[in-house]
>>> print(open('my_file-v8.cif').read())   # mmCIF, C-alpha atoms
data_upload
loop_
_atom_site.label_atom_id
_atom_site.label_comp_id
_atom_site.auth_asym_id
_atom_site.auth_seq_id
_atom_site.Cartn_x
_atom_site.Cartn_y
_atom_site.Cartn_z
CA MET H 261 -29.82 5.41 -31.49
CA THR H 262 -28.90 8.41 -33.58
CA GLU H 263 -25.55 10.12 -33.70
CA GLU H 264 -27.02 13.00 -31.74
CA ASP H 265 -28.18 10.59 -29.02
CA GLU H 266 -24.73 9.01 -28.88
CA GLU H 267 -23.09 12.42 -28.62
CA PHE H 268 -25.51 13.39 -25.86
CA GLU H 269 -24.68 10.13 -23.96
CA ARG H 270 -20.97 10.84 -24.32
CA ILE H 271 -21.39 14.37 -22.95
CA VAL H 272 -23.49 13.14 -20.03
CA LYS H 273 -20.88 10.49 -19.14
CA LYS H 274 -18.05 13.00 -19.38
CA ARG H 275 -19.96 15.46 -17.21
CA GLN H 276 -20.59 12.77 -14.60
CA TYR H 277 -16.91 11.81 -14.64
CA LEU H 278 -15.94 15.44 -14.07
CA ILE H 279 -18.34 15.70 -11.15
CA ASP H 280 -17.26 12.40 -9.59
CA TYR H 281 -13.49 12.61 -9.98
CA ILE H 282 -12.53 16.23 -10.55
CA LEU H 283 -14.94 18.30 -8.50
CA GLU H 284 -15.44 15.67 -5.77
CA PRO H 285 -12.36 13.44 -5.81
CA PRO H 286 -12.72 10.13 -3.99
CA LEU H 287 -11.24 9.92 -0.51
CA VAL H 288 -7.75 8.53 -0.56
CA SER H 289 -6.70 6.56 2.46
CA LYS H 290 -3.56 7.87 4.06
CA GLN H 291 -0.80 5.30 4.12
CA LYS H 292 0.62 4.40 7.47
CA GLU H 293 4.19 5.60 7.98
CA TRP H 294 6.76 2.80 7.76
CA VAL H 295 8.35 1.87 11.08
CA GLY H 296 11.77 0.24 10.93
CA LEU H 297 13.61 -1.79 13.52
CA THR H 298 15.86 -0.44 16.22
CA GLU H 299 19.45 -1.63 16.43
CA ASP H 300 18.52 -3.76 19.46
CA GLU H 301 15.68 -5.43 17.55
CA VAL H 302 18.02 -6.29 14.67
CA LYS H 303 20.54 -7.75 17.13
CA GLU H 304 17.70 -9.77 18.69
CA CYS H 305 16.84 -11.22 15.27
CA PHE H 306 20.42 -12.39 14.84
CA ALA H 307 20.61 -13.76 18.38
CA ILE H 308 17.42 -15.83 18.15
CA THR H 309 18.39 -17.50 14.89
CA PRO H 310 19.39 -21.12 15.60
CA ASP H 311 22.10 -21.12 12.94
CA MET H 312 23.19 -17.53 12.63
CA PHE H 313 25.15 -18.35 9.47
CA LEU H 314 22.01 -19.07 7.47
CA PRO H 315 20.94 -15.71 5.94
CA TRP H 316 17.45 -16.99 5.12
CA HIS H 317 16.60 -17.58 8.78
CA ILE H 318 17.94 -14.16 9.71
CA TYR H 319 15.93 -12.56 6.90
CA LYS H 320 12.72 -14.32 8.02
CA ARG H 321 13.21 -13.13 11.61
CA ILE H 322 13.71 -9.53 10.48
CA GLU H 323 10.72 -9.75 8.15
CA ALA H 324 8.50 -11.08 10.96
CA LYS H 325 9.60 -8.31 13.29
CA LEU H 326 8.90 -5.63 10.67
CA LYS H 327 5.44 -7.07 9.96
CA GLU H 328 4.75 -7.04 13.70
CA ARG H 329 5.69 -3.37 13.98
CA ASN H 330 3.81 -2.25 10.85
CA THR H 331 0.44 -3.95 11.26
#
>>> encode(input="my_file-v8.cif", output="structure tokens")
Amino acid sequence: MTEEDEEFERIVKKRQYLIDYILEPPLVSKQKEWVGLTEDEVKECFAITPDMFLPWHIYKRIEAKLKERNT
């Protein structure tokens, strides 16, 4: 392949990139808006925890509730 052929290939690739990503950008999925917990839901997480003095259990309850609301 000659230098001219390589230059031509480079120009063709650049042109295709411009068409694909600049003139016709790919569709971007819209992120879902984050939904937090209400005060009552947070209180429920603390109330359900068998040993309310163990922060890890409280954290896991809150995490589960947030996943439930945001999926």
>>> residues_around(input="my_file-v8.cif", residues="Leu326 in chain H", least_positions_apart="2", cutoff="12 Å", atoms="all atoms listed in the file", output="short mmCIF file (atom, residue, chain, number, x, y, z; two decimals) with C-alpha atoms, in the coordinates of the input")
data_model
loop_
_atom_site.label_atom_id
_atom_site.label_comp_id
_atom_site.auth_asym_id
_atom_site.auth_seq_id
_atom_site.Cartn_x
_atom_site.Cartn_y
_atom_site.Cartn_z
CA TRP H 294 6.76 2.80 7.76
CA VAL H 295 8.35 1.87 11.08
CA GLY H 296 11.77 0.24 10.93
CA LEU H 297 13.61 -1.79 13.52
CA THR H 298 15.86 -0.44 16.22
CA GLU H 301 15.68 -5.43 17.55
CA VAL H 302 18.02 -6.29 14.67
CA CYS H 305 16.84 -11.22 15.27
CA TYR H 319 15.93 -12.56 6.90
CA LYS H 320 12.72 -14.32 8.02
CA ARG H 321 13.21 -13.13 11.61
CA ILE H 322 13.71 -9.53 10.48
CA GLU H 323 10.72 -9.75 8.15
CA ALA H 324 8.50 -11.08 10.96
CA GLU H 328 4.75 -7.04 13.70
CA ARG H 329 5.69 -3.37 13.98
CA ASN H 330 3.81 -2.25 10.85
CA THR H 331 0.44 -3.95 11.26
#
>>> atom_distance(input="my_file-v8.cif", atom1="CA of Glu293 in chain H", atom2="CA of Phe306 in chain H")
25.2 Å
>>> atom_distance(input="my_file-v8.cif", atom1="CA of Ala307 in chain H", atom2="CA of Lys325 in chain H")
13.3 Å
